[in-house]
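Dropping entry-v1.cif in here (mmCIF, C-alpha atoms):
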```cif
data_upload
#
loop_
_atom_site.label_atom_id
_atom_site.label_comp_id
_atom_site.auth_asym_id
_atom_site.auth_seq_id
_atom_site.Cartn_x
_atom_site.Cartn_y
_atom_site.Cartn_z
CA MET A 1 99.87 111.38 242.80
CA LYS A 2 96.22 111.70 243.68
CA TYR A 3 93.55 112.34 241.07
CA THR A 4 90.35 114.27 241.48
CA GLU A 5 87.07 112.57 240.63
CA GLN A 6 86.88 114.56 237.41
CA GLU A 7 90.41 113.52 236.39
CA LEU A 8 89.60 109.87 237.13
CA ALA A 9 86.40 110.09 235.11
CA GLU A 10 88.30 111.57 232.14
CA LYS A 11 90.94 108.87 232.41
CA MET A 12 88.27 106.16 232.41
CA LYS A 13 86.55 107.69 229.34
CA LYS A 14 89.84 107.62 227.42
CA ARG A 15 90.53 104.03 228.47
CA LEU A 16 87.03 102.91 227.41
CA ALA A 17 87.31 104.73 224.09
CA GLY A 18 90.64 103.00 223.43
CA GLU A 19 89.15 99.61 224.32
CA ARG A 20 86.15 100.16 222.01
CA TYR A 21 88.50 101.12 219.18
CA ARG A 22 90.68 98.03 219.80
CA GLN A 23 87.57 95.79 219.70
CA HIS A 24 86.36 97.50 216.54
CA ARG A 25 89.68 96.84 214.77
CA TRP A 26 89.64 93.21 215.94
CA ARG A 27 86.11 92.70 214.56
CA LEU A 28 87.16 94.19 211.22
CA ARG A 29 90.14 91.81 211.01
CA GLN A 30 87.89 88.85 211.77
CA LYS A 31 85.44 89.95 209.08
CA GLU A 32 88.30 90.22 206.56
CA LYS A 33 89.12 86.58 207.35
CA GLY A 34 85.57 85.66 206.34
CA LEU A 35 84.33 85.08 209.88
CA GLN A 36 80.98 86.25 211.14
CA PRO A 37 79.70 86.88 214.67
CA VAL A 38 77.26 84.47 216.30
CA ALA A 39 75.35 85.07 219.51
CA GLY A 40 73.43 82.64 221.65
CA MET A 41 72.71 81.34 225.10
CA ILE A 42 73.73 77.94 226.44
CA SER A 43 72.77 75.95 229.53
CA LYS A 44 75.01 75.69 232.59
CA GLU A 45 75.86 72.10 231.68
CA ALA A 46 76.86 73.12 228.14
CA GLY A 47 78.92 75.94 229.67
CA ARG A 48 80.74 73.48 231.95
CA ILE A 49 81.48 71.20 228.98
CA LEU A 50 82.72 74.17 226.94
CA ASP A 51 84.96 75.36 229.79
CA ALA A 52 86.39 71.86 230.24
CA GLU A 53 87.09 71.58 226.50
CA LYS A 54 88.84 74.97 226.55
CA LYS A 55 91.06 73.84 229.44
CA ILE A 56 91.87 70.50 227.80
CA THR A 57 92.57 71.79 224.28
CA GLY A 58 93.62 75.36 224.98
CA GLU A 59 91.41 76.48 222.08
CA THR A 60 89.14 79.49 222.02
CA THR A 61 85.37 79.28 222.34
CA SER A 62 85.08 80.25 218.67
CA ALA A 63 87.37 77.41 217.55
CA ILE A 64 85.51 74.84 219.64
CA LEU A 65 82.10 75.99 218.38
CA GLU A 66 83.28 76.00 214.76
CA LYS A 67 84.56 72.41 215.06
CA ALA A 68 81.33 71.31 216.73
CA ILE A 69 79.17 72.89 214.04
CA LEU A 70 81.28 71.52 211.18
CA ASN A 71 81.01 68.03 212.67
CA LEU A 72 77.24 67.99 213.12
CA PRO A 73 75.93 64.58 212.05
CA ALA A 74 72.82 65.87 210.27
CA ILE A 75 73.76 67.66 207.09
CA ILE A 76 71.07 70.09 206.04
CA THR A 77 70.27 71.96 202.88
CA SER A 78 67.58 74.45 202.05
CA THR A 79 64.79 73.54 199.70
CA SER A 80 62.82 75.84 197.44
CA GLU A 81 60.12 76.01 200.14
CA GLY A 82 62.66 77.25 202.66
CA ILE A 83 62.38 74.07 204.74
CA PHE A 84 65.49 72.34 205.98
CA ARG A 85 65.84 68.60 205.53
CA PRO A 86 68.66 66.04 205.83
CA VAL A 87 70.65 65.23 202.71
CA PRO A 88 70.02 61.61 201.64
CA ASP A 89 72.79 59.04 202.09
CA LEU A 90 75.22 59.02 199.22
CA PRO A 91 75.91 55.70 197.50
CA SER A 92 79.37 54.23 197.85
CA ASP A 93 80.26 53.80 194.18
CA ILE A 94 84.04 53.80 194.51
CA PRO A 95 85.92 50.69 193.43
CA SER A 96 88.38 49.08 195.81
CA GLN A 97 91.74 50.83 195.92
CA LYS A 98 93.51 47.53 195.28
CA GLU A 99 91.51 46.71 192.13
CA ASN A 100 92.85 49.52 189.98
CA SER A 101 94.57 52.67 191.15
CA LEU A 102 93.31 54.77 188.23
CA GLU A 103 89.71 53.59 188.69
CA TYR A 104 89.95 54.26 192.43
CA LYS A 105 91.22 57.80 191.84
CA GLU A 106 88.46 58.50 189.32
CA GLY A 107 85.89 57.16 191.77
CA ILE A 108 87.22 59.43 194.52
CA PHE A 109 87.26 62.42 192.15
CA ASN A 110 83.67 61.75 191.04
CA LYS A 111 82.41 61.29 194.60
CA ILE A 112 84.07 64.53 195.76
CA LYS A 113 82.60 66.39 192.80
CA LYS A 114 79.13 64.95 193.45
CA MET A 115 79.22 65.65 197.18
CA ARG A 116 80.54 69.18 196.69
CA CYS A 117 78.56 70.32 193.63
CA GLU A 118 75.24 68.51 194.00
CA ASN A 119 74.94 68.40 197.79
CA ASN A 120 77.07 71.46 198.67
CA LEU A 121 78.90 69.61 201.44
CA PRO A 122 81.87 71.31 203.11
CA PHE A 123 85.27 69.70 202.56
CA ASN A 124 85.56 68.71 206.25
CA GLU A 125 82.24 66.86 206.04
CA ILE A 126 83.32 65.02 202.88
CA ALA A 127 86.51 63.94 204.68
CA LYS A 128 84.45 62.77 207.66
CA ILE A 129 82.21 60.67 205.40
CA PHE A 130 85.21 59.16 203.62
CA ASN A 131 86.75 58.27 207.00
CA GLU A 132 83.47 56.73 208.23
CA ASP A 133 83.23 54.69 205.02
CA GLY A 134 86.79 53.45 205.58
CA LEU A 135 88.10 54.81 202.28
CA LYS A 136 91.87 55.00 201.97
CA THR A 137 93.45 58.22 200.78
CA LEU A 138 95.07 58.32 197.35
CA SER A 139 98.42 57.80 199.06
CA GLY A 140 97.07 54.80 200.99
CA ASP A 141 96.67 56.46 204.40
CA ASP A 142 93.66 55.74 206.61
CA ALA A 143 92.52 59.29 207.42
CA TRP A 144 91.17 62.01 205.16
CA ASP A 145 91.08 65.68 206.13
CA GLY A 146 89.31 68.69 204.68
CA LYS A 147 92.53 70.22 203.34
CA THR A 148 93.26 67.12 201.26
CA ILE A 149 89.72 67.04 199.86
CA TYR A 150 90.00 70.76 199.05
CA ALA A 151 93.33 70.25 197.23
CA ILE A 152 91.87 67.39 195.17
CA TYR A 153 88.76 69.42 194.37
CA LYS A 154 90.79 72.44 193.26
CA LYS A 155 92.99 70.20 191.09
CA MET A 156 89.86 68.70 189.47
CA GLU A 157 88.37 72.18 188.95
CA SER A 158 91.46 73.40 187.10
CA LYS A 159 91.31 70.55 184.55
#
```
Take the structure I supplied and represent it as C-alpha coordinates, if you would.
Amino acid sequence: MKYTEQELAEKMKKRLAGERYRQHRWRLRQKEKGLQPVAGMISKEAGRILDAEKKITGETTSAILEKAILNLPAIITSTSEGIFRPVPDLPSDIPSQKENSLEYKEGIFNKIKKMRCENNLPFNEIAKIFNEDGLKTLSGDDAWDGKTIYAIYKKMESK
(Lines of atoms letter the chains of each structure in order from A and count residues from 1; the text may use other names and numbers.)
(Lines give C-alpha, C1' and ligand atoms only; values in the text may rest on other atoms or scores of the structure.)
Protein backbone atom coordinates (compact mmCIF):
# COMPACT_ATOMS: atom_id res chain seq x y z
CA MET A 1 0.00 0.00 0.00
CA LYS A 2 1.39 3.35 -0.99
CA TYR A 3 0.90 6.46 1.12
CA THR A 4 0.57 10.01 -0.05
CA GLU A 5 2.94 12.62 1.35
CA GLN A 6 0.16 13.97 3.54
CA GLU A 7 -0.62 10.50 4.94
CA LEU A 8 3.08 9.91 5.66
CA ALA A 9 3.35 13.28 7.39
CA GLU A 10 0.33 12.47 9.58
CA LYS A 11 1.76 9.06 10.42
CA MET A 12 5.08 10.64 11.43
CA LYS A 13 3.31 13.22 13.64
CA LYS A 14 1.47 10.45 15.49
CA ARG A 15 4.67 8.43 15.92
CA LEU A 16 6.55 11.47 17.28
CA ALA A 17 3.71 12.34 19.64
CA GLY A 18 3.72 8.78 20.96
CA GLU A 19 7.50 8.88 21.44
CA ARG A 20 7.32 12.21 23.31
CA TYR A 21 4.61 10.79 25.58
CA ARG A 22 6.68 7.64 26.24
CA GLN A 23 9.72 9.78 27.15
CA HIS A 24 7.58 11.98 29.39
CA ARG A 25 6.29 8.95 31.32
CA TRP A 26 9.83 7.58 31.65
CA ARG A 27 11.09 10.90 33.07
CA LEU A 28 8.23 10.95 35.59
CA ARG A 29 9.10 7.41 36.74
CA GLN A 30 12.75 8.39 37.16
CA LYS A 31 11.74 11.46 39.18
CA GLU A 32 9.56 9.28 41.43
CA LYS A 33 12.66 7.17 42.13
CA GLY A 34 14.41 10.32 43.37
CA LEU A 35 16.62 10.73 40.31
CA GLN A 36 17.31 14.03 38.65
CA PRO A 37 18.49 14.88 35.13
CA VAL A 38 22.04 16.09 34.53
CA ALA A 39 23.38 17.57 31.31
CA GLY A 40 26.93 18.20 30.25
CA MET A 41 29.54 17.89 27.56
CA ILE A 42 32.56 15.59 27.66
CA SER A 43 35.73 15.34 25.58
CA LYS A 44 36.21 12.69 22.89
CA GLU A 45 38.65 10.84 25.14
CA ALA A 46 36.14 10.80 28.02
CA GLY A 47 33.50 9.59 25.54
CA ARG A 48 35.76 6.72 24.42
CA ILE A 49 36.38 5.74 28.05
CA LEU A 50 32.64 5.89 28.80
CA ASP A 51 31.80 3.77 25.74
CA ALA A 52 34.45 1.20 26.70
CA GLU A 53 33.10 1.04 30.26
CA LYS A 54 29.56 0.54 28.93
CA LYS A 55 30.73 -2.36 26.74
CA ILE A 56 32.72 -3.97 29.56
CA THR A 57 30.10 -3.63 32.31
CA GLY A 58 26.89 -3.52 30.30
CA GLU A 59 25.72 -0.64 32.51
CA THR A 60 23.96 2.49 31.36
CA THR A 61 25.65 5.87 31.09
CA SER A 62 23.62 7.03 34.09
CA ALA A 63 24.81 4.13 36.26
CA ILE A 64 28.45 4.67 35.30
CA LEU A 65 28.27 8.42 35.97
CA GLU A 66 26.54 7.89 39.32
CA LYS A 67 29.25 5.45 40.45
CA ALA A 68 31.99 7.81 39.29
CA ILE A 69 30.48 10.77 41.14
CA LEU A 70 29.86 8.80 44.33
CA ASN A 71 33.47 7.64 44.30
CA LEU A 72 35.07 11.06 43.85
CA PRO A 73 38.10 11.30 46.14
CA ALA A 74 37.51 14.90 47.24
CA ILE A 75 34.49 15.12 49.49
CA ILE A 76 33.04 18.61 49.47
CA THR A 77 30.60 20.47 51.65
CA SER A 78 29.17 23.93 51.41
CA THR A 79 30.14 26.58 53.90
CA SER A 80 28.10 29.54 55.06
CA GLU A 81 29.91 31.69 52.46
CA GLY A 82 28.80 29.34 49.69
CA ILE A 83 32.37 28.22 49.00
CA PHE A 84 33.15 24.56 48.57
CA ARG A 85 36.06 23.04 50.45
CA PRO A 86 37.33 19.52 51.20
CA VAL A 87 36.18 17.88 54.43
CA PRO A 88 39.14 17.41 56.80
CA ASP A 89 40.47 13.91 57.42
CA LEU A 90 38.57 12.09 60.11
CA PRO A 91 40.56 10.60 62.99
CA SER A 92 40.66 6.85 63.29
CA ASP A 93 39.40 6.44 66.85
CA ILE A 94 38.12 2.88 66.60
CA PRO A 95 39.71 0.25 68.84
CA SER A 96 41.03 -2.94 67.30
CA GLN A 97 38.32 -5.49 66.57
CA LYS A 98 40.27 -8.15 68.46
CA GLU A 99 40.60 -6.07 71.65
CA ASN A 100 36.93 -6.04 72.56
CA SER A 101 34.00 -6.75 70.29
CA LEU A 102 31.62 -4.42 72.15
CA GLU A 103 34.13 -1.55 72.13
CA TYR A 104 34.79 -2.13 68.43
CA LYS A 105 31.08 -2.03 67.61
CA GLU A 106 30.61 1.16 69.63
CA GLY A 107 33.58 2.72 67.85
CA ILE A 108 32.12 1.82 64.46
CA PHE A 109 28.69 3.16 65.48
CA ASN A 110 30.20 6.43 66.71
CA LYS A 111 32.32 6.90 63.59
CA ILE A 112 29.35 6.26 61.29
CA LYS A 113 27.23 8.72 63.28
CA LYS A 114 29.98 11.35 63.18
CA MET A 115 30.68 10.92 59.48
CA ARG A 116 26.99 10.96 58.58
CA CYS A 117 25.66 13.65 60.93
CA GLU A 118 28.56 16.08 61.24
CA ASN A 119 30.12 15.73 57.79
CA ASN A 120 27.02 14.64 55.82
CA LEU A 121 28.92 11.89 54.01
CA PRO A 122 26.95 9.44 51.86
CA PHE A 123 26.87 5.83 53.03
CA ASN A 124 28.93 4.65 50.02
CA GLU A 125 31.67 7.14 50.89
CA ILE A 126 31.73 6.01 54.53
CA ALA A 127 32.12 2.41 53.33
CA LYS A 128 34.94 3.46 51.01
CA ILE A 129 36.77 5.19 53.88
CA PHE A 130 36.32 2.17 56.15
CA ASN A 131 37.72 -0.08 53.40
CA GLU A 132 40.69 2.25 52.81
CA ASP A 133 41.39 2.30 56.56
CA GLY A 134 41.33 -1.52 56.58
CA LEU A 135 38.51 -1.76 59.11
CA LYS A 136 36.85 -5.15 59.37
CA THR A 137 33.07 -5.36 59.25
CA LEU A 138 31.16 -6.29 62.39
CA SER A 139 30.98 -9.84 61.07
CA GLY A 140 34.75 -9.89 60.43
CA ASP A 141 34.68 -9.50 56.63
CA ASP A 142 37.20 -7.29 54.83
CA ALA A 143 34.86 -5.17 52.70
CA TRP A 144 32.22 -2.65 53.70
CA ASP A 145 29.45 -1.47 51.39
CA GLY A 146 27.00 1.40 51.53
CA LYS A 147 24.02 -0.87 52.22
CA THR A 148 25.67 -2.26 55.35
CA ILE A 149 26.55 1.22 56.62
CA TYR A 150 22.97 2.33 55.93
CA ALA A 151 21.53 -0.65 57.85
CA ILE A 152 23.79 0.07 60.84
CA TYR A 153 22.91 3.76 60.74
CA LYS A 154 19.18 3.06 60.63
CA LYS A 155 19.52 0.61 63.52
CA MET A 156 21.38 3.27 65.56
CA GLU A 157 18.77 5.90 64.67
CA SER A 158 15.91 3.72 65.93
CA LYS A 159 17.51 3.31 69.39
- [ ] To one decimal in Å, tell me the separation between atom CA of A:Asn71 and atom CA of A:Leu121.
- [x]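 Atom-to-atom, atom CA of A:Asn71 to atom CA of A:Leu121, that is 11.5 Å.
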Task: Between atom CA of A:Asp142 and atom CA of A:Thr60, distance in Å (one decimal) - done: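 One can read the atom CA of A:Asp142 to atom CA of A:Thr60 distance as 28.7 Å.
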- [ ] Would you work out the distance separating atom CA of A:Ala63 from atom CA of A:Tyr150, expressed in Å to one decimal?
- [x] 19.8 Å
Task: Minimum-distance residue to A:Ala151, chosen among A:Leu70, A:Ile42, A:Ile112, A:Cys117 (using only C-alpha atoms) - done: A:Ile112
- [ ] Return the single residue from A:Gly146, A:Gly47, A:Gly140, A:Gly107 that is closest to A:Ile126, with distances computed using all atoms listed in the file.
- [x]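 Selected residue with least distance to A:Ile126: A:Gly146.
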Rebuild stretch 105-134 of chain A so that it carries N, CA and C atoms, then output the result as a PDB file, keeping the file's coordinate frame.
```
ATOM      1  N   LYS A 105      91.067  56.344 191.863  1.00  0.00           N
ATOM      2  CA  LYS A 105      91.220  57.800 191.840  1.00  0.00           C
ATOM      3  C   LYS A 105      90.033  58.464 191.168  1.00  0.00           C
ATOM      4  N   GLU A 106      89.613  57.920 190.024  1.00  0.00           N
ATOM      5  CA  GLU A 106      88.460  58.500 189.320  1.00  0.00           C
ATOM      6  C   GLU A 106      87.205  58.414 190.176  1.00  0.00           C
ATOM      7  N   GLY A 107      87.035  57.305 190.881  1.00  0.00           N
ATOM      8  CA  GLY A 107      85.890  57.160 191.770  1.00  0.00           C
ATOM      9  C   GLY A 107      85.892  58.195 192.881  1.00  0.00           C
ATOM     10  N   ILE A 108      87.076  58.408 193.473  1.00  0.00           N
ATOM     11  CA  ILE A 108      87.220  59.430 194.520  1.00  0.00           C
ATOM     12  C   ILE A 108      86.907  60.804 193.949  1.00  0.00           C
ATOM     13  N   PHE A 109      87.493  61.121 192.786  1.00  0.00           N
ATOM     14  CA  PHE A 109      87.260  62.420 192.150  1.00  0.00           C
ATOM     15  C   PHE A 109      85.765  62.637 191.914  1.00  0.00           C
ATOM     16  N   ASN A 110      85.101  61.628 191.357  1.00  0.00           N
ATOM     17  CA  ASN A 110      83.670  61.750 191.040  1.00  0.00           C
ATOM     18  C   ASN A 110      82.837  61.926 192.304  1.00  0.00           C
ATOM     19  N   LYS A 111      83.183  61.182 193.357  1.00  0.00           N
ATOM     20  CA  LYS A 111      82.410  61.290 194.600  1.00  0.00           C
ATOM     21  C   LYS A 111      82.598  62.676 195.228  1.00  0.00           C
ATOM     22  N   ILE A 112      83.831  63.183 195.218  1.00  0.00           N
ATOM     23  CA  ILE A 112      84.070  64.530 195.760  1.00  0.00           C
ATOM     24  C   ILE A 112      83.259  65.550 194.972  1.00  0.00           C
ATOM     25  N   LYS A 113      83.320  65.445 193.650  1.00  0.00           N
ATOM     26  CA  LYS A 113      82.600  66.390 192.800  1.00  0.00           C
ATOM     27  C   LYS A 113      81.098  66.335 193.075  1.00  0.00           C
ATOM     28  N   LYS A 114      80.566  65.121 193.199  1.00  0.00           N
ATOM     29  CA  LYS A 114      79.130  64.950 193.450  1.00  0.00           C
ATOM     30  C   LYS A 114      78.751  65.528 194.813  1.00  0.00           C
ATOM     31  N   MET A 115      79.532  65.194 195.826  1.00  0.00           N
ATOM     32  CA  MET A 115      79.220  65.650 197.180  1.00  0.00           C
ATOM     33  C   MET A 115      79.344  67.165 197.301  1.00  0.00           C
ATOM     34  N   ARG A 116      80.306  67.736 196.603  1.00  0.00           N
ATOM     35  CA  ARG A 116      80.540  69.180 196.690  1.00  0.00           C
ATOM     36  C   ARG A 116      79.543  69.955 195.830  1.00  0.00           C
ATOM     37  N   CYS A 117      79.387  69.550 194.575  1.00  0.00           N
ATOM     38  CA  CYS A 117      78.560  70.320 193.630  1.00  0.00           C
ATOM     39  C   CYS A 117      77.067  70.082 193.827  1.00  0.00           C
ATOM     40  N   GLU A 118      76.664  68.817 193.920  1.00  0.00           N
ATOM     41  CA  GLU A 118      75.240  68.510 194.000  1.00  0.00           C
ATOM     42  C   GLU A 118      74.671  68.706 195.399  1.00  0.00           C
ATOM     43  N   ASN A 119      75.446  68.346 196.419  1.00  0.00           N
ATOM     44  CA  ASN A 119      74.940  68.400 197.790  1.00  0.00           C
ATOM     45  C   ASN A 119      75.514  69.547 198.610  1.00  0.00           C
ATOM     46  N   ASN A 120      76.468  70.291 198.021  1.00  0.00           N
ATOM     47  CA  ASN A 120      77.070  71.460 198.670  1.00  0.00           C
ATOM     48  C   ASN A 120      77.640  71.143 200.054  1.00  0.00           C
ATOM     49  N   LEU A 121      78.294  69.981 200.168  1.00  0.00           N
ATOM     50  CA  LEU A 121      78.900  69.610 201.440  1.00  0.00           C
ATOM     51  C   LEU A 121      80.236  70.310 201.621  1.00  0.00           C
ATOM     52  N   PRO A 122      80.552  70.717 202.859  1.00  0.00           N
ATOM     53  CA  PRO A 122      81.870  71.310 203.110  1.00  0.00           C
ATOM     54  C   PRO A 122      82.948  70.220 203.021  1.00  0.00           C
ATOM     55  N   PHE A 123      84.161  70.643 202.747  1.00  0.00           N
ATOM     56  CA  PHE A 123      85.270  69.700 202.560  1.00  0.00           C
ATOM     57  C   PHE A 123      85.507  68.860 203.818  1.00  0.00           C
ATOM     58  N   ASN A 124      85.375  69.464 205.001  1.00  0.00           N
ATOM     59  CA  ASN A 124      85.560  68.710 206.250  1.00  0.00           C
ATOM     60  C   ASN A 124      84.527  67.594 206.377  1.00  0.00           C
ATOM     61  N   GLU A 125      83.302  67.863 205.951  1.00  0.00           N
ATOM     62  CA  GLU A 125      82.240  66.860 206.040  1.00  0.00           C
ATOM     63  C   GLU A 125      82.491  65.725 205.051  1.00  0.00           C
ATOM     64  N   ILE A 126      82.973  66.047 203.867  1.00  0.00           N
ATOM     65  CA  ILE A 126      83.320  65.020 202.880  1.00  0.00           C
ATOM     66  C   ILE A 126      84.413  64.117 203.452  1.00  0.00           C
ATOM     67  N   ALA A 127      85.419  64.715 204.069  1.00  0.00           N
ATOM     68  CA  ALA A 127      86.510  63.940 204.680  1.00  0.00           C
ATOM     69  C   ALA A 127      85.956  63.035 205.781  1.00  0.00           C
ATOM     70  N   LYS A 128      85.046  63.555 206.577  1.00  0.00           N
ATOM     71  CA  LYS A 128      84.450  62.770 207.660  1.00  0.00           C
ATOM     72  C   LYS A 128      83.705  61.556 207.093  1.00  0.00           C
ATOM     73  N   ILE A 129      82.952  61.765 206.027  1.00  0.00           N
ATOM     74  CA  ILE A 129      82.210  60.670 205.400  1.00  0.00           C
ATOM     75  C   ILE A 129      83.165  59.636 204.837  1.00  0.00           C
ATOM     76  N   PHE A 130      84.218  60.086 204.161  1.00  0.00           N
ATOM     77  CA  PHE A 130      85.210  59.160 203.620  1.00  0.00           C
ATOM     78  C   PHE A 130      85.839  58.325 204.749  1.00  0.00           C
ATOM     79  N   ASN A 131      86.152  58.983 205.868  1.00  0.00           N
ATOM     80  CA  ASN A 131      86.750  58.270 207.000  1.00  0.00           C
ATOM     81  C   ASN A 131      85.768  57.254 207.591  1.00  0.00           C
ATOM     82  N   GLU A 132      84.488  57.642 207.710  1.00  0.00           N
ATOM     83  CA  GLU A 132      83.470  56.730 208.230  1.00  0.00           C
ATOM     84  C   GLU A 132      83.266  55.534 207.305  1.00  0.00           C
ATOM     85  N   ASP A 133      83.384  55.772 205.999  1.00  0.00           N
ATOM     86  CA  ASP A 133      83.230  54.690 205.020  1.00  0.00           C
ATOM     87  C   ASP A 133      84.481  53.817 204.930  1.00  0.00           C
ATOM     88  N   GLY A 134      85.559  54.227 205.580  1.00  0.00           N
ATOM     89  CA  GLY A 134      86.790  53.450 205.580  1.00  0.00           C
ATOM     90  C   GLY A 134      87.582  53.555 204.289  1.00  0.00           C
TER      91      GLY A 134
END
```
